[in-house]
$ cat input03.tsv   # TSV, C-alpha atoms
chain	number	residue	atom	x	y	z
H	1	MET	CA	63.93	45.08	164.47
H	2	GLN	CA	63.72	44.71	160.70
H	3	LEU	CA	67.35	45.79	160.66
H	4	LEU	CA	68.10	42.51	162.43
H	5	GLY	CA	65.69	40.41	160.39
H	6	GLY	CA	62.97	40.52	163.01
H	7	LEU	CA	65.28	39.58	165.89
H	8	SER	CA	65.22	41.74	168.97
H	9	PRO	CA	68.57	43.32	169.93
H	10	GLU	CA	68.66	40.95	172.93
H	11	GLU	CA	68.18	37.90	170.70
H	12	PHE	CA	70.79	39.07	168.22
H	13	LEU	CA	73.39	39.77	170.90
H	14	LYS	CA	72.76	36.45	172.64
H	15	GLU	CA	72.74	34.23	169.55
H	16	TYR	CA	75.01	35.94	166.99
H	17	TRP	CA	77.11	38.85	168.27
H	18	GLN	CA	80.78	37.79	168.17
H	19	LYS	CA	79.62	34.17	167.77
H	20	LYS	CA	78.38	33.37	164.24
H	21	PRO	CA	77.34	35.05	160.97
H	22	LEU	CA	73.80	36.14	160.19
H	23	LEU	CA	72.26	36.80	156.77
H	24	ILE	CA	69.39	39.28	156.87
H	25	ARG	CA	67.21	39.68	153.78
H	26	ASN	CA	65.59	43.10	153.24
H	27	ALA	CA	67.29	44.52	156.30
H	28	TRP	CA	67.10	48.16	155.22
H	29	SER	CA	65.24	49.99	152.47
H	30	ASN	CA	64.88	53.51	153.87
H	31	PHE	CA	67.39	55.28	151.60
H	32	PRO	CA	66.58	58.99	151.03
H	33	GLU	CA	69.18	58.82	148.25
H	34	LEU	CA	71.81	56.37	147.04
H	35	ILE	CA	75.49	57.22	147.17
H	36	ASP	CA	76.23	56.12	143.62
H	37	TYR	CA	79.60	55.78	141.90
H	38	ALA	CA	79.67	59.40	140.73
H	39	ARG	CA	79.07	60.72	144.26
H	40	LEU	CA	81.59	58.33	145.78
H	41	ALA	CA	84.24	59.24	143.20
H	42	GLU	CA	83.65	62.92	143.92
H	43	LEU	CA	84.14	62.34	147.66
H	44	ALA	CA	87.37	60.42	146.97
H	45	GLN	CA	88.85	63.56	145.40
H	46	HIS	CA	88.84	65.46	148.72
H	47	GLU	CA	91.99	65.71	150.82
H	48	ASP	CA	90.13	65.35	154.11
H	49	VAL	CA	88.42	62.11	153.05
H	50	GLU	CA	89.94	58.65	153.52
H	51	SER	CA	89.72	56.75	150.24
H	52	ARG	CA	91.37	53.81	148.50
H	53	LEU	CA	91.32	52.19	145.09
H	54	ILE	CA	91.90	48.42	144.87
H	55	GLU	CA	92.61	46.72	141.52
H	56	TYR	CA	93.35	43.15	140.55
H	57	LYS	CA	95.45	43.15	137.38
H	58	GLY	CA	97.54	40.41	135.84
H	59	GLY	CA	97.19	38.17	138.87
H	60	HIS	CA	98.40	40.86	141.27
H	61	TRP	CA	96.72	43.20	143.70
H	62	LYS	CA	97.28	46.95	143.47
H	63	ALA	CA	96.25	49.56	146.04
H	64	GLU	CA	96.28	53.36	145.92
H	65	SER	CA	95.23	55.93	148.49
H	66	GLY	CA	93.38	59.13	147.75
H	67	PRO	CA	92.79	61.92	147.17
H	68	PHE	CA	92.37	61.04	143.49
H	69	ARG	CA	92.28	63.15	140.37
H	70	PRO	CA	89.21	62.73	138.13
H	71	SER	CA	91.53	61.49	135.36
H	72	ARG	CA	92.48	58.49	137.53
H	73	PHE	CA	88.94	57.15	137.39
H	74	ALA	CA	88.77	57.72	133.64
H	75	ARG	CA	91.59	55.16	133.21
H	76	LEU	CA	89.83	52.36	135.09
H	77	ALA	CA	88.91	49.13	133.34
H	78	GLU	CA	85.33	47.90	133.10
H	79	THR	CA	85.88	45.20	135.73
H	80	ASP	CA	88.03	44.04	138.68
H	81	TRP	CA	88.38	47.18	140.78
H	82	THR	CA	86.84	48.66	143.92
H	83	ILE	CA	86.79	52.19	145.29
H	84	LEU	CA	86.35	52.59	149.06
H	85	VAL	CA	85.54	55.75	151.03
H	86	GLY	CA	85.64	55.72	154.82
H	87	ASN	CA	83.69	57.71	157.40
H	88	VAL	CA	80.94	58.65	154.95
H	89	ASN	CA	78.79	59.21	158.04
H	90	HIS	CA	80.89	62.35	158.62
H	91	LEU	CA	80.00	63.67	155.19
H	92	VAL	CA	76.38	62.75	154.44
H	93	PRO	CA	73.61	63.28	157.04
H	94	HIS	CA	71.39	60.36	156.04
H	95	ILE	CA	74.39	58.01	156.18
H	96	ALA	CA	75.03	59.18	159.76
H	97	ASP	CA	71.36	58.48	160.51
H	98	LEU	CA	71.79	54.95	159.18
H	99	LEU	CA	74.92	54.36	161.26
H	100	TYR	CA	73.13	55.36	164.45
H	101	GLN	CA	70.35	52.86	163.77
H	102	PHE	CA	72.83	50.46	165.38
H	103	ASN	CA	72.44	52.25	168.71
H	104	PHE	CA	71.45	49.01	170.43
H	105	LEU	CA	75.23	48.79	170.84
H	106	PRO	CA	77.19	51.43	172.80
H	107	TYR	CA	78.78	54.30	170.91
H	108	THR	CA	82.14	53.33	172.42
H	109	ARG	CA	82.02	50.35	170.01
H	110	LEU	CA	80.45	51.98	166.97
H	111	ASP	CA	83.13	53.17	164.54
H	112	ASP	CA	82.13	54.32	161.07
H	113	LEU	CA	80.26	53.57	157.87
H	114	MET	CA	82.48	52.93	154.87
H	115	ILE	CA	81.05	52.71	151.35
H	116	SER	CA	82.65	50.72	148.55
H	117	TYR	CA	81.62	50.62	144.91
H	118	ALA	CA	82.58	47.88	142.48
H	119	PRO	CA	81.71	46.99	138.88
H	120	PRO	CA	81.32	43.29	137.96
H	121	GLY	CA	84.33	41.34	139.22
H	122	GLY	CA	85.29	44.03	141.72
H	123	SER	CA	86.65	42.67	145.01
H	124	VAL	CA	89.21	43.30	147.73
H	125	GLY	CA	90.05	39.60	147.94
H	126	PRO	CA	89.40	37.00	150.64
H	127	HIS	CA	90.32	38.42	154.04
H	128	TYR	CA	89.14	38.73	157.61
H	129	ASP	CA	88.67	41.66	159.93
H	130	SER	CA	89.57	41.90	163.59
H	131	TYR	CA	86.25	43.57	164.37
H	132	ASP	CA	82.52	42.99	163.92
H	133	VAL	CA	81.04	44.23	160.66
H	134	PHE	CA	77.64	44.51	158.99
H	135	LEU	CA	77.80	44.41	155.17
H	136	LEU	CA	74.74	46.07	153.62
H	137	GLN	CA	74.23	45.69	149.88
H	138	VAL	CA	72.97	48.86	148.17
H	139	GLY	CA	72.11	48.46	144.50
H	140	GLY	CA	73.36	45.64	142.28
H	141	LYS	CA	74.27	42.15	143.43
H	142	LYS	CA	77.29	40.75	145.22
H	143	ARG	CA	78.33	37.18	145.95
H	144	TRP	CA	79.66	36.63	149.44
H	145	GLN	CA	81.53	33.51	150.48
H	146	ILE	CA	82.53	33.01	154.12
H	147	SER	CA	84.65	30.59	156.10
H	148	SER	CA	85.53	30.05	159.75
H	149	ASP	CA	89.00	28.95	158.60
H	150	ASP	CA	91.36	31.93	158.59
H	151	ALA	CA	94.62	30.13	159.37
H	152	SER	CA	96.34	30.33	155.98
H	153	GLY	CA	97.94	33.72	156.58
H	154	PHE	CA	98.16	36.62	154.17
H	155	ILE	CA	100.00	36.95	150.86
H	156	GLU	CA	103.34	38.48	151.85
H	157	ASP	CA	103.92	40.93	149.00
H	158	ALA	CA	100.32	42.07	148.50
H	159	PRO	CA	99.58	45.75	149.35
H	160	ILE	CA	96.35	44.67	151.08
H	161	ARG	CA	95.52	41.83	153.47
H	162	VAL	CA	94.54	38.94	151.17
H	163	LEU	CA	94.48	35.36	152.44
H	164	LYS	CA	96.83	32.88	150.78
H	165	GLU	CA	94.13	30.22	150.80
H	166	PHE	CA	90.39	30.50	151.15
H	167	HIS	CA	88.01	27.57	151.51
H	168	PRO	CA	84.41	28.84	151.51
H	169	GLU	CA	81.91	27.08	153.74
H	170	GLN	CA	78.81	29.16	152.91
H	171	GLU	CA	77.78	31.34	149.99
H	172	TRP	CA	74.99	33.85	149.27
H	173	VAL	CA	74.13	36.48	146.70
H	174	LEU	CA	73.10	39.73	148.37
H	175	GLU	CA	70.74	42.08	146.59
H	176	HIS	CA	69.65	45.63	147.36
H	177	GLY	CA	68.79	45.96	151.07
H	178	ASP	CA	70.22	42.59	152.13
H	179	MET	CA	72.79	42.58	154.93
H	180	LEU	CA	75.37	40.12	156.25
H	181	TYR	CA	76.73	40.26	159.80
H	182	LEU	CA	80.18	38.78	160.43
H	183	PRO	CA	81.90	38.39	163.80
H	184	PRO	CA	85.64	39.14	164.15
H	185	MET	CA	88.18	36.88	162.42
H	186	TYR	CA	85.60	35.34	160.07
H	187	ALA	CA	87.10	35.02	156.60
H	188	HIS	CA	84.98	36.46	153.79
H	189	HIS	CA	85.24	37.15	150.07
H	190	GLY	CA	82.85	39.45	148.22
H	191	VAL	CA	82.74	39.72	144.42
H	192	ALA	CA	80.40	42.12	142.61
H	193	LEU	CA	78.10	40.43	140.09
H	194	GLU	CA	76.51	43.74	139.09
H	195	PRO	CA	77.60	47.35	139.70
H	196	GLY	CA	76.66	48.29	143.24
H	197	MET	CA	77.71	49.48	146.66
H	198	THR	CA	78.49	47.82	149.97
H	199	TYR	CA	77.85	49.87	153.09
H	200	SER	CA	80.21	48.49	155.76
H	201	ILE	CA	79.24	49.30	159.34
H	202	GLY	CA	82.34	48.63	161.42
H	203	PHE	CA	82.94	48.51	165.16
H	204	ARG	CA	85.92	49.63	167.21
H	205	ALA	CA	88.06	46.87	168.66
H	206	PRO	CA	91.33	48.52	169.77
H	207	LYS	CA	94.26	46.26	170.48
H	208	THR	CA	95.59	45.92	174.01
H	209	GLN	CA	98.91	47.44	172.90
H	210	GLU	CA	97.14	50.52	171.51
H	211	ILE	CA	95.03	50.98	174.64
H	212	ALA	CA	98.09	50.62	176.87
H	213	GLY	CA	100.10	53.14	174.86
H	214	LYS	CA	97.27	55.69	174.83
H	215	PHE	CA	96.68	55.18	178.56
H	216	LEU	CA	100.35	55.89	179.32
H	217	GLU	CA	100.10	59.07	177.23
H	218	PHE	CA	97.01	60.04	179.22
H	219	LEU	CA	98.88	59.45	182.49
H	220	GLN	CA	101.60	61.91	181.48
H	221	ASP	CA	99.14	64.75	181.93
H	222	GLU	CA	97.65	63.22	185.07
H	223	LEU	CA	100.77	62.49	187.11
H	224	CYS	CA	102.33	64.86	189.58
H	225	LEU	CA	105.05	62.88	191.37
H	226	GLU	CA	107.06	64.34	194.23
H	227	GLY	CA	110.76	63.83	194.89
H	228	MET	CA	113.86	63.27	192.77
H	229	TYR	CA	116.72	60.79	192.58
H	230	SER	CA	119.34	61.09	195.32
H	231	ASP	CA	122.16	58.89	196.65
H	232	PRO	CA	123.81	60.56	199.69
H	233	GLN	CA	125.33	57.23	200.78
H	234	ARG	CA	127.08	56.66	197.45
H	235	GLN	CA	130.48	54.85	197.69
H	236	PRO	CA	133.38	55.06	195.22
H	237	THR	CA	133.19	52.62	192.32
H	238	ALA	CA	135.86	50.86	190.30
H	239	LYS	CA	133.35	50.17	187.51
H	240	PRO	CA	131.90	53.54	186.51
H	241	ALA	CA	130.19	52.12	183.37
H	242	GLU	CA	128.28	49.47	185.33
H	243	ILE	CA	124.57	49.95	186.02
H	244	ASP	CA	124.58	48.69	189.60
H	245	SER	CA	121.66	46.91	191.25
H	246	GLU	CA	121.21	49.59	193.91
H	247	PHE	CA	120.63	52.24	191.22
H	248	VAL	CA	118.16	49.99	189.39
H	249	GLY	CA	116.36	49.30	192.66
H	250	GLN	CA	115.97	52.99	193.47
H	251	ILE	CA	114.64	53.78	189.99
H	252	GLY	CA	112.21	50.91	190.46
H	253	GLU	CA	110.99	52.42	193.74
H	254	MET	CA	110.43	55.76	192.00
H	255	LEU	CA	108.36	54.09	189.27
H	256	LYS	CA	106.15	52.40	191.86
H	257	ASN	CA	104.72	55.85	192.53
H	258	ILE	CA	102.94	55.62	189.17
H	259	THR	CA	99.50	54.43	190.22
H	260	TRP	CA	95.93	54.66	188.96
H	261	ASN	CA	92.47	53.62	190.02
H	262	ASP	CA	89.03	53.10	188.47
H	263	GLU	CA	88.43	56.85	188.48
H	264	THR	CA	91.54	57.39	186.35
H	265	ILE	CA	90.48	54.67	183.92
H	266	ARG	CA	86.97	56.14	183.61
H	267	ARG	CA	88.39	59.53	182.67
H	268	PHE	CA	90.76	57.89	180.20
H	269	VAL	CA	87.94	55.93	178.54
H	270	GLY	CA	85.82	59.07	178.19
H	271	SER	CA	88.72	60.95	176.64
H	272	TYR	CA	90.07	58.19	174.40
H	273	PHE	CA	86.77	57.00	172.95
H	274	THR	CA	85.58	60.51	172.05
H	275	GLU	CA	88.89	61.63	170.57
H	276	PRO	CA	88.48	62.40	166.85
H	277	LYS	CA	90.53	60.57	164.25
H	278	PRO	CA	93.67	62.39	163.02
H	279	HIS	CA	92.13	63.48	159.71
H	280	VAL	CA	89.02	65.00	161.32
H	281	PHE	CA	88.70	68.77	161.62
H	282	TYR	CA	85.70	70.77	162.77
H	283	ASN	CA	84.14	73.66	160.91
H	284	GLN	CA	83.63	76.46	163.36
H	285	PRO	CA	80.85	78.86	162.36
H	286	ASP	CA	82.21	81.71	160.21
H	287	GLU	CA	79.95	84.22	161.94
H	288	PRO	CA	78.76	82.59	165.16
H	289	LEU	CA	75.52	83.78	166.65
H	290	ASP	CA	75.73	85.69	169.89
H	291	PHE	CA	74.53	83.91	173.01
H	292	ASP	CA	70.97	85.28	173.01
H	293	ASP	CA	70.41	84.57	169.31
H	294	PHE	CA	71.83	81.09	169.80
H	295	ALA	CA	69.39	80.40	172.63
H	296	ALA	CA	66.52	81.70	170.48
H	297	GLU	CA	67.50	79.38	167.59
H	298	ILE	CA	67.56	76.33	169.88
H	299	ALA	CA	64.15	77.28	171.21
H	300	LYS	CA	62.87	77.33	167.61
H	301	GLY	CA	64.65	74.38	166.03
H	302	GLY	CA	66.72	72.44	168.55
H	303	ILE	CA	70.33	71.37	168.23
H	304	MET	CA	72.31	68.30	167.15
H	305	ILE	CA	75.78	66.85	167.51
H	306	ASP	CA	77.96	67.39	164.46
H	307	ALA	CA	78.29	64.26	162.32
H	308	LYS	CA	82.04	64.12	162.99
H	309	ALA	CA	81.69	64.50	166.77
H	310	LEU	CA	80.93	62.05	169.55
H	311	MET	CA	79.60	62.74	173.03
H	312	LEU	CA	79.74	60.13	175.81
H	313	TYR	CA	78.99	60.21	179.51
H	314	GLU	CA	79.53	58.21	182.71
H	315	ALA	CA	78.31	59.07	186.19
H	316	ASP	CA	78.29	62.88	186.34
H	317	ARG	CA	80.89	63.47	183.62
H	318	VAL	CA	80.26	64.22	179.94
H	319	TYR	CA	82.97	63.98	177.27
H	320	ALA	CA	83.14	65.46	173.80
H	321	ASN	CA	86.00	65.01	171.35
H	322	GLY	CA	88.60	63.95	173.87
H	323	GLU	CA	87.72	66.49	176.57
H	324	ALA	CA	85.64	66.41	179.74
H	325	LEU	CA	83.05	69.20	179.59
H	326	GLU	CA	82.59	71.62	182.47
H	327	PHE	CA	78.96	72.48	183.25
H	328	GLU	CA	76.48	73.11	186.02
H	329	PRO	CA	74.88	69.98	187.57
H	330	GLU	CA	71.45	71.13	186.34
H	331	ALA	CA	72.59	70.61	182.74
H	332	LEU	CA	73.63	66.97	183.21
H	333	PRO	CA	70.37	65.15	182.29
H	334	TRP	CA	69.98	67.26	179.15
H	335	LEU	CA	73.56	66.56	178.07
H	336	GLN	CA	73.04	62.85	178.65
H	337	LYS	CA	69.91	62.95	176.50
H	338	LEU	CA	71.80	64.85	173.80
H	339	ALA	CA	74.61	62.25	173.89
H	340	ASP	CA	72.18	59.32	173.61
H	341	GLN	CA	69.90	60.76	170.93
H	342	ARG	CA	72.50	63.00	169.24
H	343	LYS	CA	69.99	65.86	169.18
H	344	LEU	CA	67.69	67.89	171.39
H	345	PRO	CA	64.29	69.10	170.21
H	346	ALA	CA	63.20	72.74	170.17
H	347	ALA	CA	62.54	74.00	173.70
H	348	ASN	CA	63.34	76.79	176.13
H	349	TYR	CA	66.21	75.15	177.98
H	350	PRO	CA	67.81	76.49	181.18
H	351	GLU	CA	70.67	78.95	180.82
H	352	SER	CA	73.07	76.52	182.50
H	353	LEU	CA	72.57	74.11	179.59
H	354	ILE	CA	72.65	76.82	176.92
H	355	THR	CA	76.02	77.97	178.29
H	356	ILE	CA	77.80	74.66	177.67
H	357	LEU	CA	75.95	74.09	174.38
H	358	TYR	CA	77.10	77.48	173.16
H	359	GLU	CA	80.71	76.65	173.99
H	360	CYS	CA	80.49	73.39	172.01
H	361	TYR	CA	78.75	75.25	169.16
H	362	GLU	CA	81.63	77.74	168.92
H	363	TYR	CA	84.09	74.83	168.65
H	364	GLY	CA	82.04	73.28	165.84
H	365	TYR	CA	80.99	70.21	167.86
H	366	LEU	CA	77.28	71.08	167.65
H	367	GLN	CA	75.09	72.28	164.81
H	368	LEU	CA	71.76	74.07	164.92
H	369	SER	CA	68.94	71.89	163.59
$ encode --input "input03.tsv" --output "structure tokens"
Amino acid sequence: MQLLGGLSPEEFLKEYWQKKPLLIRNAWSNFPELIDYARLAELAQHEDVESRLIEYKGGHWKAESGPFRPSRFARLAETDWTILVGNVNHLVPHIADLLYQFNFLPYTRLDDLMISYAPPGGSVGPHYDSYDVFLLQVGGKKRWQISSDDASGFIEDAPIRVLKEFHPEQEWVLEHGDMLYLPPMYAHHGVALEPGMTYSIGFRAPKTQEIAGKFLEFLQDELCLEGMYSDPQRQPTAKPAEIDSEFVGQIGEMLKNITWNDETIRRFVGSYFTEPKPHVFYNQPDEPLDFDDFAAEIAKGGIMIDAKALMLYEADRVYANGEALEFEPEALPWLQKLADQRKLPAANYPESLITILYECYEYGYLQLS
């Protein structure tokens, strides 16, 4: 793959993934259009878009979150600031296409594509991420310094995560189309030498605490435990405020009824990893087609998953946006193909498939091609 500098996905995963950095010259040049500063600033003015503005002024870091007024950008200096917009793959179709070029990795790991723009001197400081990231330079030039030493800790009073000390071990200047892969916890510092963008392709790496908390939430809707507390052999007590060991023991026995198995975990994974982020909302069609017209449109042009939606499957289950879909067994291979390729070509599909596709279309999870 040119995206990986000529390495096959197998070679990349064996030699570099979560192990060591990789610089790839001319990794990507297929840009139907460039998301320039004007377009990025316009996106940052929307309430449903995650955006930040990072400035370095007078030896101090400043951070603001969007949405921003146009007048805010008019007050920016000529140097030393960066604007960042997350989940641009939800907003621009060709950016979503670029994100899914990384489909040699499972969609459970693929997160989003964030775009940052910086004039000369623009930076977000030396830092490290807890997840894998590909940094694709689009327009302009940017100097990247990296280090395997991330032990200095972060500046306490800074509004962003900036390392107290940074000792670069390697350095490159990335130009248009060049890309740098960094494994988790690898310190890096990028400084714009010319006005340009960085497309950051990030990967999900949820913390154990987060997974555990979400799993317990999931279990709340799964559990149906019989019985209730009782103590028919209770004796009088002289210490009514004491939590006695017998009471604790009985509560412990009740909690032992909370159990799960691999099947429960599979359903949780399908639900959790397709659940949309809190700021994501779906645009249901204002005037949805009726069922027959919908089927006719698919036969003519096909259908695709909405840029903000994710579909995953395991065994005979298919999940979309936090829910397990209900469908006839005949539809399963088509839904799996749709999940993998994120679209189905024009064809006369069976009614069992059209039925579930139509339901997802009404929710706004699918779009006609």
$ closest_residue --input "input03.tsv" --among "H:Gly153, H:Pro93, H:Gly86, H:Pro236" --to "H:Asp306" --atoms "all atoms listed in the file"
H:Pro93
$ closest_residue --input "input03.tsv" --among "H:Glu33, H:Asp316, H:Glu222, H:Glu194" --to "H:Gly140" --atoms "only C-alpha atoms"
H:Glu194
$ closest_atom_pairs --input "input03.tsv" --of "stretch 285-330 of chain H" --to "stretch 105-126 of chain H" --cutoff "12 Å" --atoms "all atoms listed in the file" --output "Markdown table"
| residue | atom | partner | partner_atom | distance |
| --- | --- | --- | --- | --- |
| H:Ala307 | CA | H:Asp112 | CA | 10.7 |
| H:Lys308 | CA | H:Asp112 | CA | 10.0 |
| H:Ala309 | CA | H:Tyr107 | CA | 11.4 |
| H:Leu310 | CA | H:Tyr107 | CA | 8.2 |
| H:Met311 | CA | H:Tyr107 | CA | 8.7 |
| H:Leu312 | CA | H:Tyr107 | CA | 7.7 |
| H:Tyr313 | CA | H:Thr108 | CA | 10.4 |
| H:Glu314 | CA | H:Thr108 | CA | 11.7 |
| H:Tyr319 | CA | H:Thr108 | CA | 11.7 |
$ closest_residue --input "input03.tsv" --among "H:Phe273, H:Arg25, H:Glu328, H:Pro168" --to "H:Leu180" --atoms "only C-alpha atoms"
H:Arg25
$ residues_around --input "input03.tsv" --residues "H:Lys62" --least-positions-apart "5" --cutoff "10 Å" --atoms "all atoms listed in the file" --output "count of residues only"
10
$ atom_distance --input "input03.tsv" --atom1 "atom CA of H:Gly177" --atom2 "atom CA of H:Glu64"
28.9 Å
$ residues_around --input "input03.tsv" --residues "H:Phe134" --least-positions-apart "4" --cutoff "9 Å" --atoms "only C-alpha atoms" --output "list in words"
Met179, Leu180, Tyr181, Leu182, Pro183, Tyr199, Ser200, Ile201 and Gly202 of chain H
$ closest_residue --input "input03.tsv" --among "H:Leu289, H:Leu338, H:Ala320, H:Leu325" --to "H:Tyr365" --atoms "all atoms listed in the file"
H:Ala320
$ residues_around --input "input03.tsv" --residues "H:Tyr229" --least-positions-apart "2" --cutoff "9 Å" --atoms "all atoms listed in the file" --output "ChimeraX atom specification"
/H:227,231,250-251,254
$ residues_around --input "input03.tsv" --residues "H:Ile24" --least-positions-apart "2" --cutoff "7 Å" --atoms "all atoms listed in the file" --output "list of chain:residue names"
H:Leu4, H:Gly5, H:Leu22, H:Asn26, H:Ala27, H:Asp178, H:Met179, H:Leu180
$ closest_residue --input "input03.tsv" --among "H:Gly59, H:Gly213, H:Pro278, H:Pro206" --to "H:Asp80" --atoms "all atoms listed in the file"
H:Gly59
$ atom_distance --input "input03.tsv" --atom1 "atom CA of H:Asn257" --atom2 "atom CA of H:Glu226"
9.0 Å
$ atom_distance --input "input03.tsv" --atom1 "atom CA of H:Ile146" --atom2 "atom CA of H:Ala192"
14.8 Å
$ residues_around --input "input03.tsv" --residues "H:Asp286" --least-positions-apart "5" --cutoff "12 Å" --atoms "all atoms listed in the file" --output "mmCIF file with C-alpha atoms, keeping the file's coordinate frame"
data_model
loop_
_atom_site.group_PDB
_atom_site.id
_atom_site.type_symbol
_atom_site.label_atom_id
_atom_site.label_comp_id
_atom_site.auth_asym_id
_atom_site.auth_seq_id
_atom_site.Cartn_x
_atom_site.Cartn_y
_atom_site.Cartn_z
ATOM 1 C CA TYR H 361 78.750 75.250 169.160
ATOM 2 C CA GLU H 362 81.630 77.740 168.920
ATOM 3 C CA TYR H 363 84.090 74.830 168.650
ATOM 4 C CA GLY H 364 82.040 73.280 165.840
#
$ closest_residue --input "input03.tsv" --among "H:Phe215, H:Tyr282, H:Trp17, H:Phe294" --to "H:Val269" --atoms "only C-alpha atoms"
H:Phe215
$ axis_aligned_box --input "input03.tsv" --around "stretch 164-173 of chain H" --padding-each-side "5 Å" --output "JSON"
{"center_x": 85.5, "center_y": 31.8, "center_z": 150.2, "size_x": 32.7, "size_y": 19.4, "size_z": 17.0}
